[in-house]
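Asks: Quick one: this structure, given as structure tokens, is what I'll be asking you about.
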Amino acid sequence: MTATARPPTLEQVAALAGTSRATVSRVVNNNPKVNPVVRAAVQRAVDELGYSPNRAARSLVTRRTDSIGLVVAESEQRVFNEPFFATLVRGASDALAGTDIQLVLLLNRSDQERSRVQRFLASHVDGILLVSAHADDPMVEELATGSVPAVLAGRPLQSTSLPYVDVDNLAGAHIAVTHLVERGRHCIATIAGPQDMAPGTDRLRGFRRGLRSAGRPPDESLVAFGDFSGDSGEQAASRLLDARPDIDAIFAASDLMAIGAMQELRRRRLRVPEDVALVGFDDSLIAATTQPGLTSIHQPVGDLGRQMIVRLRELMDGSGPVAAATVLPTHLVVRQSS
């Protein structure tokens with residue numbers, strides 16, 4: 001076909017296949033009620049002519065856009081710099097491999113952007129994945145009362161009917177503390193995540209539960225807060241060490257905060273793990289590249305993205321009841337930092 005030639009039409013495919021336009025349409029739209037012999041003839045004609053369906057026209061007929069919106073309520077800097085988001089997107093994309101469904105990334109960073117994102121979602125996607133929702137995010141309730149199926153990444157702090165997929169943050173933090181206790185550490189501190197998100201609250205709860213299981217009452221002077229970023233981990237470690245110079249172990253609620261803490265320890269000429277043992281949470285790729293290597297709680301972020309797609313497609317297909325909560329296991333990966 002030359003650059004000026006018009007693309008082949010449904011009628012031309014039907015004429016070459018020796019069948020009707022309606023039959024070709026059913027084949028193109030994967031309708032199972034087509035004779036296999038006829039389907040094969042149509043497919044040969046499609047291949048010979050190089051026919052490609054008009055997606056805009058097809059969406060008018062099927063009322064499907066073949067798109068899923070992945071909405072992230074974080075800044076552009078965090079989304080493109082932190083390993084968690086890239087791994088989650090990769091997992092979701094893997095789950096869509098071999099389908100015609102496209103993943104559309106949308107950043108929801110302000111009230112103005114939320115209005116724009118909502119207008120887009122209302123008519124341009126068949127389903128929605130909401131990532132990194134905070135406690136005061138009105139989009140959670142808006143999606144719950146909307147007409148487009150949606151799944152959350154992480155347990156929501158507010159009550160909602162939306163299903164979610166999460167990792168076992170509570171157990172992971174408990175395992176981290178137990179590991180440090182078993183290593184003979186006596187003064188264990190934590191750099192907790194933001195408390196307007198379930199990973200932040202659950203990992204702090206798991207930390208406190210781990211101390212109680214070891215017969216140690218939690219001490220609030222051993223708790224500092226960050227926002228999961230490296231800079232916040234460094235600043236939180238500084239506050240902790242200023243207040244409690246006797247700290248000999250830190251559990252950070254993210255690998256990036258643990259690495260920030262490692263930098264502060266190095267600045268104070270404190271050795272890891274000889275003076276202060278360190279455990280992170282994520283088991284991201286960077287955990288194995290630090291010096292020393294970072295002990296971390298592994299969370300299956302790729303599986304998180306894949307399972308979100310599975311749950312969402314169940315909602316989109318209306319194939320039956322969808323689990324309200326899917327929680328994936330975490331485990332400890334021991335390296336030199338502890």
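Labeling convention for the structure tokens: chains A, B, ... as they appear, residues from 1 per chain, ligands from 1 in order of appearance.
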Give me the residues within 8 Å of Ala277 of chain A as a list of chain:residue names, counting only C-alpha atoms and dropping any in the same chain fewer than 4 places off.
Replies: A:Leu180, A:Arg185, A:Asp248, A:Ala249, A:Ile250, A:Val272, A:Pro273, A:Ser337, A:Ser338
Asks: Can you list, as a PyMOL selection string, all residues belonging to segment 283-319 of chain A that DSSP tags as alpha helix (DSSP H)?
Replies: chain A and resi 301-317
Asks: Contacts of segment 9-20 of chain A at 7 Å or less, counting only C-alpha atoms, minus same-chain residues fewer than 6 places along, as a PyMOL selection string?
Replies: chain A and resi 41-42+45-46
Asks: Per residue of segment 212-290 of chain A within 12 Å of segment 314-331 of chain A, which atom pair is closest and at what distance in Å (one decimal), using only C-alpha atoms, listed by chain and increasing number, as JSON lines?
Replies:
{"residue": "A:Gly280", "atom": "CA", "partner": "A:His331", "partner_atom": "CA", "distance": 11.8}
{"residue": "A:Phe281", "atom": "CA", "partner": "A:Thr330", "partner_atom": "CA", "distance": 9.6}
{"residue": "A:Asp282", "atom": "CA", "partner": "A:Thr330", "partner_atom": "CA", "distance": 9.1}
{"residue": "A:Asp283", "atom": "CA", "partner": "A:His331", "partner_atom": "CA", "distance": 9.4}
Asks: Take the residues that were just selected and, keeping N, CA and C atoms, output them as a PDB file, in the first residue's frame.
Replies:
ATOM      1  N   GLY A 280      16.143  -2.088  56.305  1.00  0.00           N
ATOM      2  CA  GLY A 280      15.190  -1.310  55.519  1.00  0.00           C
ATOM      3  C   GLY A 280      13.946  -2.109  55.196  1.00  0.00           C
ATOM      4  N   PHE A 281      13.121  -1.550  54.312  1.00  0.00           N
ATOM      5  CA  PHE A 281      11.891  -2.225  53.887  1.00  0.00           C
ATOM      6  C   PHE A 281      11.692  -1.931  52.412  1.00  0.00           C
ATOM      7  N   ASP A 282      11.699  -2.958  51.589  1.00  0.00           N
ATOM      8  CA  ASP A 282      11.448  -2.926  50.139  1.00  0.00           C
ATOM      9  C   ASP A 282      12.210  -4.056  49.462  1.00  0.00           C
ATOM     10  N   ASP A 283      13.494  -4.220  49.888  1.00  0.00           N
ATOM     11  CA  ASP A 283      14.415  -5.090  49.157  1.00  0.00           C
ATOM     12  C   ASP A 283      14.484  -4.663  47.692  1.00  0.00           C
TER      13      ASP A 283
END
Asks: Could you pull out the residues in segment 60-300 of chain A that DSSP calls strand (DSSP E) from the backbone, as a PyMOL selection string?
Replies: chain A and resi 67-72+102-107+127-131+150-153+164-167+188-192+223-225+249-252+277-282+295-298
Asks: Next, the residues of the selection above should be written as a compact mmCIF listing (two decimals), in the first residue's frame with N, CA and C atoms.
Replies:
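Listing of part_2.txt after writing:
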# COMPACT_ATOMS: atom_id res chain seq x y z
N SER A 67 -8.13 0.67 27.57
CA SER A 67 -7.14 1.42 28.34
C SER A 67 -7.45 1.31 29.83
N ILE A 68 -6.39 1.26 30.63
CA ILE A 68 -6.51 1.30 32.08
C ILE A 68 -5.70 2.48 32.59
N GLY A 69 -6.31 3.28 33.44
CA GLY A 69 -5.62 4.44 34.01
C GLY A 69 -4.91 4.06 35.29
N LEU A 70 -3.61 4.33 35.36
CA LEU A 70 -2.84 4.12 36.59
C LEU A 70 -2.58 5.50 37.18
N VAL A 71 -3.29 5.81 38.26
CA VAL A 71 -3.24 7.14 38.86
C VAL A 71 -2.33 7.09 40.09
N VAL A 72 -1.33 7.96 40.12
CA VAL A 72 -0.39 8.00 41.24
C VAL A 72 -0.49 9.36 41.92
N GLN A 102 -3.99 -1.00 27.03
CA GLN A 102 -2.87 -0.10 27.27
C GLN A 102 -2.95 0.47 28.69
N LEU A 103 -1.79 0.71 29.29
CA LEU A 103 -1.71 1.32 30.62
C LEU A 103 -1.38 2.80 30.44
N VAL A 104 -2.21 3.67 31.01
CA VAL A 104 -2.03 5.12 30.88
C VAL A 104 -1.67 5.69 32.26
N LEU A 105 -0.49 6.30 32.37
CA LEU A 105 -0.03 6.86 33.64
C LEU A 105 -0.54 8.28 33.82
N LEU A 106 -1.16 8.54 34.98
CA LEU A 106 -1.69 9.86 35.29
C LEU A 106 -1.22 10.27 36.68
N LEU A 107 -0.66 11.47 36.80
CA LEU A 107 -0.19 11.97 38.09
C LEU A 107 -1.24 12.89 38.69
N GLY A 127 -10.91 0.95 33.31
CA GLY A 127 -10.65 0.62 34.71
C GLY A 127 -9.56 1.52 35.25
N ILE A 128 -9.44 1.55 36.59
CA ILE A 128 -8.51 2.48 37.24
C ILE A 128 -7.74 1.78 38.34
N LEU A 129 -6.43 2.01 38.39
CA LEU A 129 -5.57 1.62 39.49
C LEU A 129 -5.15 2.89 40.22
N LEU A 130 -5.42 2.97 41.52
CA LEU A 130 -5.04 4.15 42.29
C LEU A 130 -3.90 3.78 43.23
N VAL A 131 -2.78 4.47 43.09
CA VAL A 131 -1.56 4.15 43.82
C VAL A 131 -1.20 5.31 44.74
N ALA A 150 -12.46 0.16 39.82
CA ALA A 150 -11.19 0.67 40.35
C ALA A 150 -10.66 -0.26 41.44
N VAL A 151 -9.33 -0.32 41.54
CA VAL A 151 -8.63 -1.11 42.56
C VAL A 151 -7.55 -0.23 43.17
N LEU A 152 -7.36 -0.33 44.48
CA LEU A 152 -6.36 0.45 45.19
C LEU A 152 -5.08 -0.35 45.41
N ALA A 153 -3.95 0.36 45.40
CA ALA A 153 -2.68 -0.21 45.84
C ALA A 153 -2.52 0.16 47.30
N TYR A 164 -8.66 -3.78 47.36
CA TYR A 164 -7.27 -3.34 47.36
C TYR A 164 -6.33 -4.53 47.37
N VAL A 165 -5.11 -4.27 46.91
CA VAL A 165 -4.03 -5.26 46.97
C VAL A 165 -2.91 -4.63 47.77
N ASP A 166 -2.36 -5.36 48.72
CA ASP A 166 -1.34 -4.81 49.60
C ASP A 166 -0.32 -5.90 49.92
N VAL A 167 0.77 -5.50 50.56
CA VAL A 167 1.73 -6.46 51.10
C VAL A 167 1.56 -6.48 52.62
N ILE A 188 16.66 -0.27 69.98
CA ILE A 188 16.22 -0.33 68.58
C ILE A 188 15.27 0.82 68.30
N ALA A 189 15.63 1.64 67.32
CA ALA A 189 14.81 2.79 66.92
C ALA A 189 14.17 2.50 65.56
N THR A 190 13.22 3.34 65.20
CA THR A 190 12.61 3.21 63.87
C THR A 190 12.46 4.58 63.22
N ILE A 191 12.61 4.57 61.91
CA ILE A 191 12.24 5.73 61.08
C ILE A 191 10.97 5.32 60.37
N ALA A 192 9.84 5.80 60.86
CA ALA A 192 8.53 5.41 60.35
C ALA A 192 8.16 6.24 59.13
N VAL A 223 11.32 6.80 68.09
CA VAL A 223 10.52 6.86 66.86
C VAL A 223 10.69 8.24 66.22
N ALA A 224 11.07 8.24 64.95
CA ALA A 224 11.11 9.47 64.15
C ALA A 224 10.37 9.18 62.85
N PHE A 225 9.97 10.24 62.17
CA PHE A 225 9.12 10.06 60.99
C PHE A 225 9.78 10.65 59.75
N ALA A 249 20.56 0.11 66.84
CA ALA A 249 19.90 -0.49 65.68
C ALA A 249 18.78 0.44 65.22
N ILE A 250 18.58 0.48 63.89
CA ILE A 250 17.49 1.29 63.31
C ILE A 250 16.76 0.44 62.29
N PHE A 251 15.44 0.40 62.41
CA PHE A 251 14.58 -0.17 61.36
C PHE A 251 13.94 1.00 60.63
N ALA A 252 14.23 1.13 59.35
CA ALA A 252 13.65 2.19 58.53
C ALA A 252 12.55 1.60 57.66
N ALA A 277 23.24 -1.31 63.78
CA ALA A 277 22.70 -2.19 62.73
C ALA A 277 21.55 -1.49 62.03
N LEU A 278 21.31 -1.89 60.77
CA LEU A 278 20.32 -1.17 59.96
C LEU A 278 19.52 -2.16 59.12
N VAL A 279 18.19 -1.99 59.15
CA VAL A 279 17.29 -2.80 58.32
C VAL A 279 16.33 -1.86 57.59
N GLY A 280 16.14 -2.09 56.31
CA GLY A 280 15.19 -1.31 55.52
C GLY A 280 13.95 -2.11 55.20
N PHE A 281 13.12 -1.55 54.31
CA PHE A 281 11.89 -2.22 53.89
C PHE A 281 11.69 -1.93 52.41
N ASP A 282 11.70 -2.96 51.59
CA ASP A 282 11.45 -2.93 50.14
C ASP A 282 12.21 -4.06 49.46
N THR A 295 20.36 -5.03 54.71
CA THR A 295 19.34 -6.00 55.10
C THR A 295 17.98 -5.33 54.94
N SER A 296 17.02 -6.05 54.37
CA SER A 296 15.75 -5.40 54.06
C SER A 296 14.61 -6.42 54.05
N ILE A 297 13.42 -5.92 54.30
CA ILE A 297 12.20 -6.73 54.17
C ILE A 297 11.78 -6.70 52.71
N HIS A 298 11.70 -7.88 52.12
CA HIS A 298 11.30 -7.97 50.70
C HIS A 298 9.79 -7.84 50.59
Asks: Within 12 Å of Ala214 of chain A, counting only C-alpha atoms, which residues show up once you throw out same-chain ones fewer than 2 positions away? Write them as an NGL selection string, please.
Replies: :A and (174-175 or 177-182 or 184-186 or 188 or 207-212 or 216-218)
Asks: Taking only C-alpha atoms into account, which of A:Asp136, A:Asp303, A:Asp227, A:Asp111 comes nearest Gly200 of chain A?
Replies: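 Between A:Asp136, A:Asp303, A:Asp227, A:Asp111, the residue approaching Gly200 of chain A most closely is A:Asp227.
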Asks: Measuring atom to atom with only C-alpha atoms, identify which of A:Cys187, A:Leu256, A:Ala133, A:Ala122 is nearest to Asn81 of chain A.
Replies: A:Leu256
Asks: Please list as an mmCIF file with C-alpha atoms, in the first residue's frame every residue within 10 Å of Leu241 of chain A, counting only C-alpha atoms and excluding residues in the same chain fewer than 5 positions away.
Replies:
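Output file around20.cif follows:
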data_model
loop_
_atom_site.group_PDB
_atom_site.id
_atom_site.type_symbol
_atom_site.label_atom_id
_atom_site.label_comp_id
_atom_site.auth_asym_id
_atom_site.auth_seq_id
_atom_site.Cartn_x
_atom_site.Cartn_y
_atom_site.Cartn_z
ATOM 1 C CA ALA A 189 14.810 2.788 66.918
ATOM 2 C CA LEU A 222 13.035 5.940 69.587
ATOM 3 C CA ALA A 236 15.159 11.473 60.936
ATOM 4 C CA ASP A 246 22.736 4.896 72.763
ATOM 5 C CA ILE A 247 20.841 3.639 69.703
ATOM 6 C CA ASP A 248 22.465 0.460 68.354
ATOM 7 C CA GLU A 264 24.010 10.151 58.573
ATOM 8 C CA LEU A 265 25.694 7.316 60.476
ATOM 9 C CA ARG A 268 28.938 10.738 62.520
#
